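target37.pdb follows; it contains PDB, C-alpha atoms.
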ATOM      1  CA  MET A 883      41.250 141.010 -62.570  1.00  0.00           C
ATOM      2  CA  ASN A 884      38.085 142.470 -61.083  1.00  0.00           C
ATOM      3  CA  GLU A 885      38.325 142.662 -57.283  1.00  0.00           C
ATOM      4  CA  GLY A 886      34.633 141.948 -56.920  1.00  0.00           C
ATOM      5  CA  PHE A 887      35.030 138.726 -58.881  1.00  0.00           C
ATOM      6  CA  LEU A 888      37.962 137.633 -56.721  1.00  0.00           C
ATOM      7  CA  SER A 889      36.016 138.443 -53.605  1.00  0.00           C
ATOM      8  CA  GLY A 890      33.096 136.365 -54.873  1.00  0.00           C
ATOM      9  CA  VAL A 891      35.356 133.398 -55.629  1.00  0.00           C
ATOM     10  CA  SER A 892      36.963 133.630 -52.194  1.00  0.00           C
ATOM     11  CA  GLY A 893      33.569 133.792 -50.554  1.00  0.00           C
ATOM     12  CA  SER A 894      32.394 130.714 -52.441  1.00  0.00           C
ATOM     13  CA  LEU A 895      35.499 128.778 -51.403  1.00  0.00           C
ATOM     14  CA  ASP A 896      34.981 129.793 -47.780  1.00  0.00           C
ATOM     15  CA  LYS A 897      31.355 128.650 -47.915  1.00  0.00           C
ATOM     16  CA  GLY A 898      32.466 125.373 -49.490  1.00  0.00           C
ATOM     17  CA  ARG A 899      34.979 124.751 -46.716  1.00  0.00           C
ATOM     18  CA  ILE A 900      32.437 125.630 -44.032  1.00  0.00           C
ATOM     19  CA  ARG A 901      29.975 123.203 -45.603  1.00  0.00           C
ATOM     20  CA  GLN A 902      32.580 120.436 -45.716  1.00  0.00           C
ATOM     21  CA  ASP A 903      33.552 121.087 -42.100  1.00  0.00           C
ATOM     22  CA  ASN A 904      29.949 120.984 -40.925  1.00  0.00           C
ATOM     23  CA  GLU A 905      29.133 117.865 -42.939  1.00  0.00           C
ATOM     24  CA  ALA A 906      32.222 116.193 -41.434  1.00  0.00           C
ATOM     25  CA  ILE A 907      30.660 116.805 -38.016  1.00  0.00           C
ATOM     26  CA  ILE A 908      27.025 116.072 -38.874  1.00  0.00           C
ATOM     27  CA  LEU A 909      27.440 112.798 -40.800  1.00  0.00           C
ATOM     28  CA  PRO A 910      29.350 110.844 -38.107  1.00  0.00           C
ATOM     29  CA  ALA A 911      26.943 112.125 -35.466  1.00  0.00           C
ATOM     30  CA  ALA A 912      23.959 111.084 -37.581  1.00  0.00           C
ATOM     31  CA  GLU A 913      25.560 107.679 -38.145  1.00  0.00           C
ATOM     32  CA  ARG A 914      25.811 107.085 -34.393  1.00  0.00           C
ATOM     33  CA  VAL A 915      22.272 108.264 -33.636  1.00  0.00           C
ATOM     34  CA  PHE A 916      20.624 106.389 -36.515  1.00  0.00           C
ATOM     35  CA  ALA A 917      22.511 103.234 -35.501  1.00  0.00           C
ATOM     36  CA  ARG A 918      21.211 103.521 -31.955  1.00  0.00           C
ATOM     37  CA  TYR A 919      17.587 104.539 -32.555  1.00  0.00           C
ATOM     38  CA  GLY A 920      16.889 103.580 -36.159  1.00  0.00           C
ATOM     39  CA  PHE A 921      15.398 105.857 -38.775  1.00  0.00           C
ATOM     40  CA  ARG A 922      11.944 106.083 -37.221  1.00  0.00           C
ATOM     41  CA  GLY A 923      13.204 106.569 -33.665  1.00  0.00           C
ATOM     42  CA  THR A 924      15.699 109.295 -34.553  1.00  0.00           C
ATOM     43  CA  THR A 925      14.902 113.006 -34.575  1.00  0.00           C
ATOM     44  CA  MET A 926      16.833 115.812 -36.188  1.00  0.00           C
ATOM     45  CA  GLN A 927      17.158 117.387 -32.752  1.00  0.00           C
ATOM     46  CA  GLN A 928      18.918 114.272 -31.416  1.00  0.00           C
ATOM     47  CA  ILE A 929      21.402 114.446 -34.289  1.00  0.00           C
ATOM     48  CA  ALA A 930      21.902 118.176 -33.770  1.00  0.00           C
ATOM     49  CA  ASP A 931      22.603 117.563 -30.079  1.00  0.00           C
ATOM     50  CA  ALA A 932      25.092 114.785 -30.918  1.00  0.00           C
ATOM     51  CA  ALA A 933      26.811 117.055 -33.450  1.00  0.00           C
ATOM     52  CA  GLU A 934      26.676 120.039 -31.047  1.00  0.00           C
ATOM     53  CA  LEU A 935      25.253 122.194 -33.817  1.00  0.00           C
ATOM     54  CA  PRO A 936      21.951 124.081 -34.185  1.00  0.00           C
ATOM     55  CA  LYS A 937      19.188 121.969 -35.729  1.00  0.00           C
ATOM     56  CA  ALA A 938      18.825 124.668 -38.389  1.00  0.00           C
ATOM     57  CA  ASN A 939      22.272 123.670 -39.709  1.00  0.00           C
ATOM     58  CA  LEU A 940      21.056 120.138 -40.391  1.00  0.00           C
ATOM     59  CA  HIS A 941      18.038 121.387 -42.313  1.00  0.00           C
ATOM     60  CA  TYR A 942      20.184 123.891 -44.205  1.00  0.00           C
ATOM     61  CA  TYR A 943      22.668 121.276 -45.433  1.00  0.00           C
ATOM     62  CA  PHE A 944      20.414 118.226 -45.797  1.00  0.00           C
ATOM     63  CA  GLY A 945      16.835 119.482 -45.900  1.00  0.00           C
ATOM     64  CA  ASN A 946      15.128 116.701 -43.965  1.00  0.00           C
ATOM     65  CA  LYS A 947      15.755 113.484 -42.050  1.00  0.00           C
ATOM     66  CA  GLN A 948      15.156 111.241 -45.082  1.00  0.00           C
ATOM     67  CA  THR A 949      17.823 113.039 -47.134  1.00  0.00           C
ATOM     68  CA  LEU A 950      20.296 112.960 -44.249  1.00  0.00           C
ATOM     69  CA  TYR A 951      19.638 109.255 -43.689  1.00  0.00           C
ATOM     70  CA  LEU A 952      20.286 108.491 -47.359  1.00  0.00           C
ATOM     71  CA  ARG A 953      23.490 110.538 -47.283  1.00  0.00           C
ATOM     72  CA  VAL A 954      24.688 108.623 -44.215  1.00  0.00           C
ATOM     73  CA  LEU A 955      23.992 105.293 -45.927  1.00  0.00           C
ATOM     74  CA  GLU A 956      25.744 106.453 -49.113  1.00  0.00           C
ATOM     75  CA  ARG A 957      28.785 107.406 -47.047  1.00  0.00           C
ATOM     76  CA  ILE A 958      28.818 104.040 -45.301  1.00  0.00           C
ATOM     77  CA  LEU A 959      28.483 102.138 -48.574  1.00  0.00           C
ATOM     78  CA  GLN A 960      31.277 104.195 -50.139  1.00  0.00           C
ATOM     79  CA  ASP A 961      33.604 103.496 -47.202  1.00  0.00           C
ATOM     80  CA  TRP A 962      32.480  99.863 -47.092  1.00  0.00           C
ATOM     81  CA  LEU A 963      33.305  99.322 -50.773  1.00  0.00           C
ATOM     82  CA  ALA A 964      36.586 101.256 -50.769  1.00  0.00           C
ATOM     83  CA  PRO A 965      38.740  98.258 -49.700  1.00  0.00           C
ATOM     84  CA  LEU A 966      37.759  96.494 -52.943  1.00  0.00           C
ATOM     85  CA  GLU A 967      39.886  98.976 -54.875  1.00  0.00           C
ATOM     86  CA  GLY A 968      43.018  96.976 -54.027  1.00  0.00           C
ATOM     87  CA  ILE A 969      41.741  93.975 -55.982  1.00  0.00           C
ATOM     88  CA  SER A 970      43.063  94.595 -59.491  1.00  0.00           C
ATOM     89  CA  ALA A 971      44.119  92.344 -62.341  1.00  0.00           C
ATOM     90  CA  SER A 972      47.766  93.313 -61.894  1.00  0.00           C
ATOM     91  CA  ALA A 973      47.838  92.787 -58.123  1.00  0.00           C
ATOM     92  CA  ASP A 974      49.326  89.810 -56.328  1.00  0.00           C
ATOM     93  CA  PRO A 975      46.240  87.772 -55.283  1.00  0.00           C
ATOM     94  CA  LYS A 976      47.363  86.917 -51.760  1.00  0.00           C
ATOM     95  CA  THR A 977      48.515  90.461 -51.032  1.00  0.00           C
ATOM     96  CA  ALA A 978      45.336  91.990 -52.435  1.00  0.00           C
ATOM     97  CA  LEU A 979      43.022  89.622 -50.579  1.00  0.00           C
ATOM     98  CA  ALA A 980      44.937  90.052 -47.314  1.00  0.00           C
ATOM     99  CA  GLU A 981      44.619  93.815 -47.617  1.00  0.00           C
ATOM    100  CA  TYR A 982      40.919  93.567 -48.444  1.00  0.00           C
ATOM    101  CA  VAL A 983      40.043  91.240 -45.572  1.00  0.00           C
ATOM    102  CA  GLY A 984      42.173  93.230 -43.132  1.00  0.00           C
ATOM    103  CA  LYS A 985      40.414  96.465 -44.036  1.00  0.00           C
ATOM    104  CA  LYS A 986      36.997  94.840 -43.786  1.00  0.00           C
ATOM    105  CA  ILE A 987      37.686  93.626 -40.255  1.00  0.00           C
ATOM    106  CA  ALA A 988      39.205  96.986 -39.323  1.00  0.00           C
ATOM    107  CA  PHE A 989      36.005  98.695 -40.490  1.00  0.00           C
ATOM    108  CA  SER A 990      33.943  96.393 -38.249  1.00  0.00           C
ATOM    109  CA  PHE A 991      36.141  97.105 -35.231  1.00  0.00           C
ATOM    110  CA  GLU A 992      36.543 100.839 -35.819  1.00  0.00           C
ATOM    111  CA  ARG A 993      33.033 101.735 -37.035  1.00  0.00           C
ATOM    112  CA  PRO A 994      30.652  99.115 -35.648  1.00  0.00           C
ATOM    113  CA  GLU A 995      27.744 101.581 -35.621  1.00  0.00           C
ATOM    114  CA  ALA A 996      28.103 102.064 -39.375  1.00  0.00           C
ATOM    115  CA  SER A 997      28.049  98.343 -40.041  1.00  0.00           C
ATOM    116  CA  ARG A 998      25.047  97.770 -37.766  1.00  0.00           C
ATOM    117  CA  LEU A 999      23.128 100.660 -39.298  1.00  0.00           C
ATOM    118  CA  PHE A1000      23.681  99.314 -42.789  1.00  0.00           C
ATOM    119  CA  ALA A1001      22.769  95.774 -41.692  1.00  0.00           C
ATOM    120  CA  ASN A1002      19.546  97.023 -40.097  1.00  0.00           C
ATOM    121  CA  GLU A1003      18.655  98.851 -43.294  1.00  0.00           C
ATOM    122  CA  ILE A1004      19.113  95.608 -45.242  1.00  0.00           C
ATOM    123  CA  LEU A1005      17.084  93.593 -42.723  1.00  0.00           C
ATOM    124  CA  GLN A1006      14.230  96.076 -43.027  1.00  0.00           C
ATOM    125  CA  GLY A1007      14.084  95.578 -46.791  1.00  0.00           C
ATOM    126  CA  ALA A1008      16.637  98.193 -47.887  1.00  0.00           C
ATOM    127  CA  GLN A1009      13.831 100.581 -48.817  1.00  0.00           C
ATOM    128  CA  VAL A1010      16.182 103.569 -48.878  1.00  0.00           C
ATOM    129  CA  VAL A1011      19.441 102.041 -50.061  1.00  0.00           C
ATOM    130  CA  HIS A1012      18.131  99.403 -52.512  1.00  0.00           C
ATOM    131  CA  PRO A1013      18.880 101.496 -55.650  1.00  0.00           C
ATOM    132  CA  LEU A1014      22.508 101.809 -54.521  1.00  0.00           C
ATOM    133  CA  LEU A1015      22.773  98.061 -53.983  1.00  0.00           C
ATOM    134  CA  LYS A1016      21.476  97.332 -57.487  1.00  0.00           C
ATOM    135  CA  THR A1017      23.898  99.784 -59.096  1.00  0.00           C
ATOM    136  CA  ALA A1018      27.132 100.610 -57.270  1.00  0.00           C
ATOM    137  CA  LEU A1019      27.388  97.428 -55.200  1.00  0.00           C
ATOM    138  CA  ARG A1020      26.329  95.030 -57.942  1.00  0.00           C
ATOM    139  CA  SER A1021      28.592  96.585 -60.552  1.00  0.00           C
ATOM    140  CA  LEU A1022      31.664  96.572 -58.330  1.00  0.00           C
ATOM    141  CA  VAL A1023      31.171  93.000 -57.134  1.00  0.00           C
ATOM    142  CA  GLU A1024      30.725  91.789 -60.718  1.00  0.00           C
ATOM    143  CA  GLN A1025      33.924  93.598 -61.722  1.00  0.00           C
ATOM    144  CA  LYS A1026      35.975  92.169 -58.850  1.00  0.00           C
ATOM    145  CA  ALA A1027      34.535  88.672 -59.316  1.00  0.00           C
ATOM    146  CA  ARG A1028      35.806  88.740 -62.921  1.00  0.00           C
ATOM    147  CA  ILE A1029      39.281  89.538 -61.619  1.00  0.00           C
ATOM    148  CA  LEU A1030      39.148  86.574 -59.255  1.00  0.00           C
ATOM    149  CA  ASP A1031      37.933  84.441 -62.186  1.00  0.00           C
ATOM    150  CA  SER A1032      41.006  85.509 -64.145  1.00  0.00           C
ATOM    151  CA  TRP A1033      43.234  84.457 -61.243  1.00  0.00           C
ATOM    152  CA  ILE A1034      41.513  81.083 -61.206  1.00  0.00           C
ATOM    153  CA  LEU A1035      42.113  80.674 -64.956  1.00  0.00           C
ATOM    154  CA  ALA A1036      45.767  81.548 -64.357  1.00  0.00           C
ATOM    155  CA  GLY A1037      45.969  78.785 -61.755  1.00  0.00           C
ATOM    156  CA  THR A1038      46.632  81.187 -58.891  1.00  0.00           C
ATOM    157  CA  LEU A1039      43.412  80.498 -57.000  1.00  0.00           C
ATOM    158  CA  ARG A1040      41.431  77.323 -56.417  1.00  0.00           C
ATOM    159  CA  PRO A1041      38.212  77.130 -58.520  1.00  0.00           C
ATOM    160  CA  MET A1042      35.225  78.581 -56.647  1.00  0.00           C
ATOM    161  CA  ASP A1043      32.132  80.722 -57.086  1.00  0.00           C
ATOM    162  CA  THR A1044      33.775  84.129 -56.955  1.00  0.00           C
ATOM    163  CA  THR A1045      30.554  86.073 -56.362  1.00  0.00           C
ATOM    164  CA  HIS A1046      29.676  83.942 -53.355  1.00  0.00           C
ATOM    165  CA  PHE A1047      33.257  84.336 -52.185  1.00  0.00           C
ATOM    166  CA  PHE A1048      32.480  87.980 -51.439  1.00  0.00           C
ATOM    167  CA  PHE A1049      29.306  87.008 -49.578  1.00  0.00           C
ATOM    168  CA  THR A1050      31.467  84.742 -47.425  1.00  0.00           C
ATOM    169  CA  VAL A1051      34.003  87.478 -46.703  1.00  0.00           C
ATOM    170  CA  TRP A1052      31.234  89.888 -45.721  1.00  0.00           C
ATOM    171  CA  SER A1053      29.657  87.411 -43.328  1.00  0.00           C
ATOM    172  CA  MET A1054      32.995  86.542 -41.731  1.00  0.00           C
ATOM    173  CA  THR A1055      34.144  90.120 -41.245  1.00  0.00           C
ATOM    174  CA  GLN A1056      30.955  92.051 -40.510  1.00  0.00           C
ATOM    175  CA  THR A1057      29.912  89.702 -37.737  1.00  0.00           C
ATOM    176  CA  TYR A1058      32.464  91.439 -35.505  1.00  0.00           C
ATOM    177  CA  ALA A1059      30.328  94.575 -35.705  1.00  0.00           C
ATOM    178  CA  ASP A1060      26.799  93.311 -36.281  1.00  0.00           C
ATOM    179  CA  PHE A1061      27.004  90.708 -33.502  1.00  0.00           C
ATOM    180  CA  ASP A1062      29.597  92.336 -31.261  1.00  0.00           C
ATOM    181  CA  ILE A1063      27.433  91.912 -28.152  1.00  0.00           C
ATOM    182  CA  GLN A1064      27.273  88.173 -28.757  1.00  0.00           C
ATOM    183  CA  ILE A1065      31.031  88.023 -29.306  1.00  0.00           C
ATOM    184  CA  ALA A1066      31.668  90.105 -26.172  1.00  0.00           C
ATOM    185  CA  ALA A1067      29.520  87.693 -24.164  1.00  0.00           C
ATOM    186  CA  VAL A1068      31.915  84.906 -25.142  1.00  0.00           C
ATOM    187  CA  LEU A1069      35.249  86.740 -25.142  1.00  0.00           C
ATOM    188  CA  GLY A1070      34.641  89.224 -22.338  1.00  0.00           C
ATOM    189  CA  ASP A1071      35.512  92.899 -21.974  1.00  0.00           C
ATOM    190  CA  ASN A1072      38.583  92.697 -24.220  1.00  0.00           C
ATOM    191  CA  SER A1073      36.641  91.592 -27.291  1.00  0.00           C
ATOM    192  CA  ARG A1074      37.262  94.874 -29.146  1.00  0.00           C
ATOM    193  CA  ASN A1075      40.864  95.747 -28.309  1.00  0.00           C
ATOM    194  CA  ARG A1076      43.791  95.555 -30.733  1.00  0.00           C
ATOM    195  CA  ALA A1077      44.735  92.040 -29.669  1.00  0.00           C
ATOM    196  CA  ALA A1078      41.182  90.859 -30.336  1.00  0.00           C
ATOM    197  CA  GLN A1079      41.212  92.503 -33.760  1.00  0.00           C
ATOM    198  CA  ALA A1080      44.550  90.858 -34.609  1.00  0.00           C
ATOM    199  CA  ARG A1081      43.236  87.475 -33.451  1.00  0.00           C
ATOM    200  CA  ALA A1082      40.082  87.844 -35.544  1.00  0.00           C
ATOM    201  CA  THR A1083      42.075  88.951 -38.581  1.00  0.00           C
ATOM    202  CA  GLU A1084      44.465  86.013 -38.319  1.00  0.00           C
ATOM    203  CA  HIS A1085      41.617  83.525 -38.021  1.00  0.00           C
ATOM    204  CA  VAL A1086      39.583  84.930 -40.921  1.00  0.00           C
ATOM    205  CA  MET A1087      42.695  85.136 -43.099  1.00  0.00           C
ATOM    206  CA  SER A1088      43.492  81.488 -42.458  1.00  0.00           C
ATOM    207  CA  CYS A1089      39.963  80.537 -43.536  1.00  0.00           C
ATOM    208  CA  ILE A1090      40.207  82.656 -46.672  1.00  0.00           C
ATOM    209  CA  TRP A1091      43.557  81.091 -47.610  1.00  0.00           C
ATOM    210  CA  ARG A1092      42.016  77.619 -47.368  1.00  0.00           C
ATOM    211  CA  ILE A1093      39.048  78.650 -49.510  1.00  0.00           C
ATOM    212  CA  CYS A1094      41.374  80.113 -52.131  1.00  0.00           C
ATOM    213  CA  GLY A1095      43.966  77.328 -52.021  1.00  0.00           C
ATOM    214  CA  LEU A1096      46.624  79.717 -50.775  1.00  0.00           C
ATOM    215  CA  ASP A1097      47.170  78.120 -47.373  1.00  0.00           C
ATOM    216  CA  ASP A1098      50.232  76.127 -48.483  1.00  0.00           C
ATOM    217  CA  GLU A1099      52.094  79.159 -49.848  1.00  0.00           C
ATOM    218  CA  GLU A1100      55.197  80.328 -48.079  1.00  0.00           C
TER     219      GLU A1100
END
Please re-express this file's structure in structure tokens.
Amino acid sequence: MNEGFLSGVSGSLDKGRIRQDNEAIILPAAERVFARYGFRGTTMQQIADAAELPKANLHYYFGNKQTLYLRVLERILQDWLAPLEGISASADPKTALAEYVGKKIAFSFERPEASRLFANEILQGAQVVHPLLKTALRSLVEQKARILDSWILAGTLRPMDTTHFFFTVWSMTQTYADFDIQIAAVLGDNSRNRAAQARATEHVMSCIWRICGLDDEE
């Protein structure tokens, strides 16, 4: 095989890895800065400083602040929706819902900036992320609600509005990120440690089991 071709392939792979490595640094840094200052209050230089990379790198990989902001929101939405994957027609309902709720609370405790950034985007009218909400989010919620409907028909879950069920889960789990200052004011300095996360998870789970009619199961 032509050595020049192999060299070109190797060079492309190296560039791809470098890009992935840099994006893995830039996106979390941008998430933190956007969450703190908002889209309008954030500059590319602030993100570059947080990422400890030259500002030129940000423009090279993302072009401008608007594109980077959209990419950050896409990443958050992707990670935010990922726990829904465990809800499948063949899954045990209680196991699947426990895993889903647990991951949602873990996301709020481990990445509160991401949750707050996304919430602020929604509160401001979702001007950037609205197309994603109407496509990816809507489609996935409709799909998972149909699975819960099938569990209800099978007698596994108590009858309920399965779409609004997800709204309820979101409100119960995301509050630990979006209103963490309020929660800390009540619980004190230990409001975000592992014990606090376990306590929150246990409480939310117990509420979900009552909603679903699973609270009497062994």
Which residues come within 9 Å of A:Leu1022, counting all atoms listed in the file, excluding same-chain residues fewer than 5 positions away, as a VMD selection string? chain A and resid 963 966 1017 1027
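Close contacts of A:Lys976, defined as residues with an atom at most 12 Å away when counting only C-alpha atoms, with chain neighbours fewer than 6 positions off set aside, comprise Gly968, Ile969, Ser970, Tyr982, Val983, Gly984, Leu1030, Trp1033, Thr1038, Leu1039, Met1087, Ser1088, Ile1090, Trp1091, Arg1092, Ile1093, Cys1094, Gly1095, Leu1096, Asp1097, Asp1098, Glu1099 and Glu1100 of chain A.
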If the PyMOL selection byres ((chain A and resi 927) around 12) were run on this exact file, what residues would it hold? Put them as a PyMOL selection string. chain A and resi 908+911-912+915+923-926+928-941+946-947
Could you jot down the atom CA of A:Glu905 to atom CA of A:Ile987 separation for me, Å, one decimal place? 25.8 Å
Separation of atom CA of A:Ser1073 from atom CA of A:Phe991 in Å: 9.7 Å
Selection as a PyMOL selection string: residues within 12 Å of (30.8, 101.5, -50.6), counting all atoms listed in the file: chain A and resi 954-967+986+989+996-997+1000+1011+1014-1015+1017-1023
Using all atoms listed in the file, pick whichever of A:Lys1016, A:Ile907, A:Gln902, A:Ala980 has the shortest atom-to-atom distance to A:His1085. A:Ala980
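Of the residues listed (A:Phe1047, A:Ala917, A:Leu952, A:Arg1040), A:Leu952 shows the shortest atom-to-atom separation from A:Ala1008; distances use all atoms listed in the file.
Here atom CA of A:Val1068 is placed at a distance of 22.3 Å from atom CA of A:Thr1050.
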Which residues are close to A:Asp1060, i.e. within 8 Å by all atoms listed in the file, leaving aside same-chain residues fewer than 6 positions away? Reply as a list in words. Pro994, Ser997, Arg998 and Ala1001 of chain A
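Taking only C-alpha atoms into account, A:Asn1002 lies nearest to A:Tyr919 out of the set A:Gln1025, A:Met1042, A:Tyr919, A:Arg1081.
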Return the padded bounding box of stretch 1005-1008 of chain A as JSON: axis-aligned, built from all atoms listed in the file, 8 Å added on each side, with centre and edge lengths in Å to one decimal.
{"center_x": 15.6, "center_y": 95.9, "center_z": -45.3, "size_x": 19.0, "size_y": 20.6, "size_z": 21.2}
Kindly indicate which residue among A:Gly1070, A:Thr977, A:Ala1059, A:Leu950 lies nearest to A:Glu995, using only C-alpha atoms for the distances. A:Ala1059
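Nearest residue to A:Tyr942, choosing from A:Leu1005, A:Asn904, A:Ala1067, A:Asp974 and counting only C-alpha atoms: A:Asn904.
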Residue with the minimum atom-to-atom distance to A:Ala1080, picked from A:Lys985, A:Leu1035, A:Arg953, A:Ile900 with only C-alpha atoms counted, is A:Lys985
